[in-house]
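**Q** Before I ask anything, here is the structure I am working with.
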Amino acid sequence: MEIRPSQAGPQEERLEGKTQHQDGGVSSNSHAPLPVDQPAQPESSLQQSKSVVVTVSDPRGLHLRSGRDVVRTASQFQAQITAANLSRNSNAVDLKSILQLMQLQARQGHNLQLAASGPDADAAIEALCSLF
Amino acid sequence: MISLVIVSHSAKLAAGVHELAAQMAGDQVGISQAGGLSDDGEQLGTDAFRIRSAIEEVWCEDGVLLLMDLGSSVMSAEMALEMLPEQQRQNCLLSNAPLVEGAIVAALHASLGEPLQAVNAVAEAALSTPKLAGTG
Amino acid sequence: MAQEITTKQLRKWLLVYAARIIENEDHLTKLDTAIGDADHGVNMRRGMGKLQERLQVERQSEDISAFLRSVAMTLISGVGGAAGPLYGTFFLRAATSPTNGSSIDLPQLTQMFRYGLDGLQQRGKAQADDKTMIDTIQPAVEAMEAAVAAHQSAAVVLAAARQAAHLGMKHTIEIEARKGRASYLGPHSIGHQDPGATSAYFLFETAAEVLTITGAD
C-alpha cells in the first residue's frame, strides 16, 4: 500500500468548470486538481483528511441509480466519507449509506462538500470526484 | 453473496420492489418475490407456501434475507421458515426493515458482498433514517 | 368406555363449520368494519370455499394427522389476512397431536385443541384478554380439559367448550384490543365484539353439534 504524506488539516478545493458527461449520469469534473501534498508528519502518516466541493451536473440530480454508484465506490475505501449539500445547508451524511445520500435531495447545480478521513482518504475523494 | 426475498400482500407491489432492488443489486444478487395469495396472485394476501417457494428459489449458503410489508406478511414469513428444513432455516433471517427502503439498501449492500447480519443491520437502519432532510 | 371420533366426523365438522362461516360472512364483515379493516368476512368466506372444495375431493384421507395437515394447508393458502396463518397454524399444530390413526378419543381430541391453541399463541403472540381469537379458544380448551378430567361424556365436554367459547367471545366486547389492527383504536375498541373471536367460536359451536353424533357421515 502506498503511504502518502498526510495533510495537516482538511483541504478544500473548489472544483469549477465542470464538464457534462455524454451519458447523462452525474458527471465528474475530469480536471479536478490534485491535492497539494504537505510535508509528511510521521506520527499521523496513516491518517489523511481531505475535502472537496463538487457540483451536481446531472439534470435529474443525484438519483437512486447514480447514488448506488457513489455508495459502491465509497464502500471500497476504509476512510470515513461524508457529504453535505451546501446549496441546502444540510448536515453532513454518510456517503456509504444510500438512504442518507438520498436525504441530500441534491439537484442539478447543487454544490456538495465531500469530506473523507482515514488512511485512504485521498484516493477515496479522487475516485468519488470522477462520479460527479 | 446473500439472497433476498421480497414478501408483500400484493403481487404487483412485490414485483415493483423486486424491480427496484434488482436495479440496485445488479445481477449478482439472487432476488425472489412472494406477493399475493396462491394461484393467479391477484388476491391480496400472504401465503406461507408461496414464501417458502420463493426462499427455495434463491436459497444459498451465505444466507437469505426476507423483507416484508406488514401485518400478516410477518406471520406468514415465520410460518414459511418453520416449514423449511433446519439446515436451510438457519441461514434465513426476517428483517425488521421497511419494505421499500430496506429492499433498496439490502440489495445494494448484498451486491457489495456483505454478510447477512451486516446487510440486515444497514437495512434496518432505514427505520431511523428520515426521508426528508432536516427532520432527523 | 371411551368414545372415539373418526376422521369422517372431523371432516363433517369442518364442512359444517365452513358452511356456518359462509352464512355469517356479513356478520363477520360488520364486526371487522367496526374495529378492523373489514376483510375478515371475505377472507374467511374465500378460505372456507377452498376448504369445502378440498374436503369434497379428499374423501379418502383416513389418517387424522394427514387430514388436519391438509386442512391447515388449505387455510394457509386460501384465507389471507392474519386469519390465514393463524387458523393454518392452529390446524398444523393440531395435526401433531397424538391420535389412534383414523380415530381419536375424547382426551386426544381435547389435546388436539390444546396443541392448536399453543401453536396459535406462539404465532400470534397474543394472551388472554388481548381481544383476539385466543379469548374464545383458550377458555373453551380449558373447559374441555376440566370436563375430560371429570370423566364427562363427549356431549358434555363439547357443550362445556361451546359455552366457554361463547362467554369468551362475548367477553371480547368488554375489553380493549391489544393485538392486531383493532389495537390502534385503543379504548375505542371497547363495545365491539372481536371478529376473530367470533369466527373461532363457530369452531366450538359446530363441534358441539356434529362431533357428539356417532357415525355421522
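Residues in the C-alpha cells are numbered from 1 in each chain, the chains being A, B, ... in the order shown, and ligands are numbered from 1 in the order shown.
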Dump as a short mmCIF file (atom, residue, chain, number, x, y, z; two decimals) with N, CA, C and O atoms, in the first residue's frame the residues of chain C that approach chain B to within 7 Å, counting only C-alpha atoms.
**A**
data_model
loop_
_atom_site.label_atom_id
_atom_site.label_comp_id
_atom_site.auth_asym_id
_atom_site.auth_seq_id
_atom_site.Cartn_x
_atom_site.Cartn_y
_atom_site.Cartn_z
N ILE C 76 -54.02 -21.94 4.97
CA ILE C 76 -52.86 -21.06 4.82
C ILE C 76 -52.88 -20.39 3.45
O ILE C 76 -52.64 -19.19 3.32
N SER C 77 -53.18 -21.17 2.42
CA SER C 77 -53.17 -20.62 1.06
C SER C 77 -54.46 -19.92 0.69
O SER C 77 -54.50 -19.14 -0.24
N GLY C 80 -55.93 -15.75 3.63
CA GLY C 80 -55.39 -14.39 3.52
C GLY C 80 -55.60 -13.62 4.79
O GLY C 80 -56.34 -14.05 5.68
N GLY C 81 -54.98 -12.45 4.88
CA GLY C 81 -55.07 -11.68 6.12
C GLY C 81 -54.38 -12.44 7.24
O GLY C 81 -53.77 -13.47 7.02
N ALA C 82 -54.51 -11.93 8.44
CA ALA C 82 -53.85 -12.58 9.58
C ALA C 82 -54.51 -13.92 9.88
O ALA C 82 -53.89 -14.82 10.43
N PRO C 85 -52.58 -17.44 8.31
CA PRO C 85 -51.53 -18.09 9.09
C PRO C 85 -52.00 -18.52 10.49
O PRO C 85 -51.51 -19.51 11.02
N ARG C 123 -47.72 -18.22 17.43
CA ARG C 123 -47.75 -17.50 16.16
C ARG C 123 -48.19 -16.05 16.35
O ARG C 123 -47.54 -15.13 15.89
#
**Q** Taking only residues of chain B that have an atom at most 12 Å from an atom of chain A, what is each one's shortest atom pair and its distance in Å to one decimal, using only C-alpha atoms, in chain and number order, as a tab-separated table?
**A**
residue	atom	partner	partner_atom	distance
B:Leu20	CA	A:Leu64	CA	9.4
B:Ala21	CA	A:Arg65	CA	10.7
B:Ala22	CA	A:Arg65	CA	11.0
B:Gln23	CA	A:Arg65	CA	7.5
B:Met24	CA	A:Arg68	CA	6.4
B:Ala25	CA	A:Arg68	CA	8.8
B:Gly26	CA	A:Arg68	CA	10.2
B:Val100	CA	A:Leu99	CA	11.1
B:Glu101	CA	A:Leu99	CA	7.5
B:Gly102	CA	A:Leu99	CA	9.5
B:Ala103	CA	A:Leu99	CA	11.3
B:Ile104	CA	A:Ile98	CA	8.3
B:Val105	CA	A:Ile98	CA	6.6
B:Ala106	CA	A:Ile98	CA	10.2
B:Ala107	CA	A:Arg68	CA	10.1
B:Leu108	CA	A:Arg68	CA	7.0
B:His109	CA	A:Arg72	CA	8.4
B:Ala110	CA	A:Arg72	CA	11.0
B:Ser111	CA	A:Arg72	CA	8.9
B:Leu112	CA	A:Arg72	CA	7.1
B:Gly113	CA	A:Ser75	CA	10.8
B:Glu114	CA	A:Ser75	CA	10.6
B:Val119	CA	A:Ser97	CA	11.6
B:Ala121	CA	A:Ser97	CA	11.8
B:Val122	CA	A:Ser97	CA	8.1
B:Ala123	CA	A:Leu99	CA	9.5
B:Glu124	CA	A:Leu99	CA	11.3
B:Ala125	CA	A:Leu99	CA	9.2
B:Ala126	CA	A:Leu99	CA	7.1
B:Leu127	CA	A:Leu99	CA	10.5
B:Ser128	CA	A:Leu99	CA	10.3
B:Thr129	CA	A:Leu99	CA	7.0
B:Pro130	CA	A:Gln103	CA	7.6
B:Lys131	CA	A:Gln103	CA	5.9
B:Leu132	CA	A:Gln103	CA	6.0
B:Ala133	CA	A:Gln103	CA	5.1
B:Gly134	CA	A:Ser90	CA	7.0
B:Thr135	CA	A:Gln103	CA	9.8
B:Gly136	CA	A:Asn91	CA	9.8
**Q** Just the residues within 9 Å of C:Arg46, please, counting only C-alpha atoms, with nothing from its chain fewer than 6 positions along; format it as a PyMOL selection string.
**A** chain C and resi 22+78-80
**Q** Based on DSSP run over this structure's backbone, return all residues of chain B in helix (DSSP H, G or I), as an NGL selection string.
**A** :B and (11-25 or 48-58 or 72-83 or 86-89 or 99-111 or 116-128)
**Q** Do you know which residues are at most 12 Å from B:Pro85 counting only C-alpha atoms, after dropping those on the same chain fewer than 5 positions away, and could you put them as a ChimeraX atom specification?
**A** /B:52,55-56,59,80,90-92
**Q** Keeping only N, CA, C and O atoms, write the selected residues to a file as a PDB file, in the first residue's frame.
**A**
ATOM      1  N   ARG B  52     -42.311 -19.828   1.103  1.00  0.00           N
ATOM      2  CA  ARG B  52     -41.329 -20.915   1.184  1.00  0.00           C
ATOM      3  C   ARG B  52     -40.728 -21.194  -0.204  1.00  0.00           C
ATOM      4  O   ARG B  52     -39.517 -21.359  -0.344  1.00  0.00           O
ATOM      5  N   ILE B  55     -38.209 -18.623  -1.077  1.00  0.00           N
ATOM      6  CA  ILE B  55     -36.940 -18.830  -0.364  1.00  0.00           C
ATOM      7  C   ILE B  55     -36.136 -19.922  -1.061  1.00  0.00           C
ATOM      8  O   ILE B  55     -34.939 -19.774  -1.327  1.00  0.00           O
ATOM      9  N   GLU B  56     -36.821 -21.018  -1.390  1.00  0.00           N
ATOM     10  CA  GLU B  56     -36.120 -22.148  -2.016  1.00  0.00           C
ATOM     11  C   GLU B  56     -35.513 -21.751  -3.362  1.00  0.00           C
ATOM     12  O   GLU B  56     -34.449 -22.227  -3.740  1.00  0.00           O
ATOM     13  N   TRP B  59     -32.329 -19.731  -2.288  1.00  0.00           N
ATOM     14  CA  TRP B  59     -31.576 -20.111  -1.097  1.00  0.00           C
ATOM     15  C   TRP B  59     -30.104 -20.342  -1.428  1.00  0.00           C
ATOM     16  O   TRP B  59     -29.769 -20.916  -2.460  1.00  0.00           O
ATOM     17  N   ALA B  80     -43.376 -19.820   6.981  1.00  0.00           N
ATOM     18  CA  ALA B  80     -42.578 -20.346   5.867  1.00  0.00           C
ATOM     19  C   ALA B  80     -41.227 -20.844   6.383  1.00  0.00           C
ATOM     20  O   ALA B  80     -40.759 -21.910   5.987  1.00  0.00           O
ATOM     21  N   GLN B  90     -31.642 -22.120   9.181  1.00  0.00           N
ATOM     22  CA  GLN B  90     -30.564 -21.441   9.903  1.00  0.00           C
ATOM     23  C   GLN B  90     -30.008 -20.239   9.156  1.00  0.00           C
ATOM     24  O   GLN B  90     -29.556 -19.284   9.770  1.00  0.00           O
ATOM     25  N   ASN B  91     -30.029 -20.316   7.826  1.00  0.00           N
ATOM     26  CA  ASN B  91     -29.423 -19.236   7.034  1.00  0.00           C
ATOM     27  C   ASN B  91     -30.428 -18.189   6.604  1.00  0.00           C
ATOM     28  O   ASN B  91     -30.137 -17.368   5.756  1.00  0.00           O
ATOM     29  N   CYS B  92     -31.640 -18.242   7.148  1.00  0.00           N
ATOM     30  CA  CYS B  92     -32.658 -17.273   6.750  1.00  0.00           C
ATOM     31  C   CYS B  92     -32.915 -16.292   7.886  1.00  0.00           C
ATOM     32  O   CYS B  92     -32.908 -16.669   9.050  1.00  0.00           O
TER      33      CYS B  92
END
**Q** Quick one: everything within 7 Å of B:Gln33, counting only C-alpha atoms, minus sequence neighbours fewer than 5 positions away in the same chain. Send it as a list in words.
**A** Val5, Ile6, Val7, Ala14, Ala15, His18 and Ala54 of chain B
**Q** Please list as a PyMOL selection string every residue within 7 Å of A:Leu114, counting only C-alpha atoms and excluding residues in the same chain fewer than 2 positions away.
**A** chain A and resi 51-53+82-84+112+116
**Q** My list of candidates is A:Asn85, A:Ala121, A:Thr73, A:Gln78. Which is closest to A:Val54 when distances are computed with only C-alpha atoms?
**A**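 Between A:Asn85, A:Ala121, A:Thr73, A:Gln78, the residue approaching A:Val54 most closely is A:Asn85.
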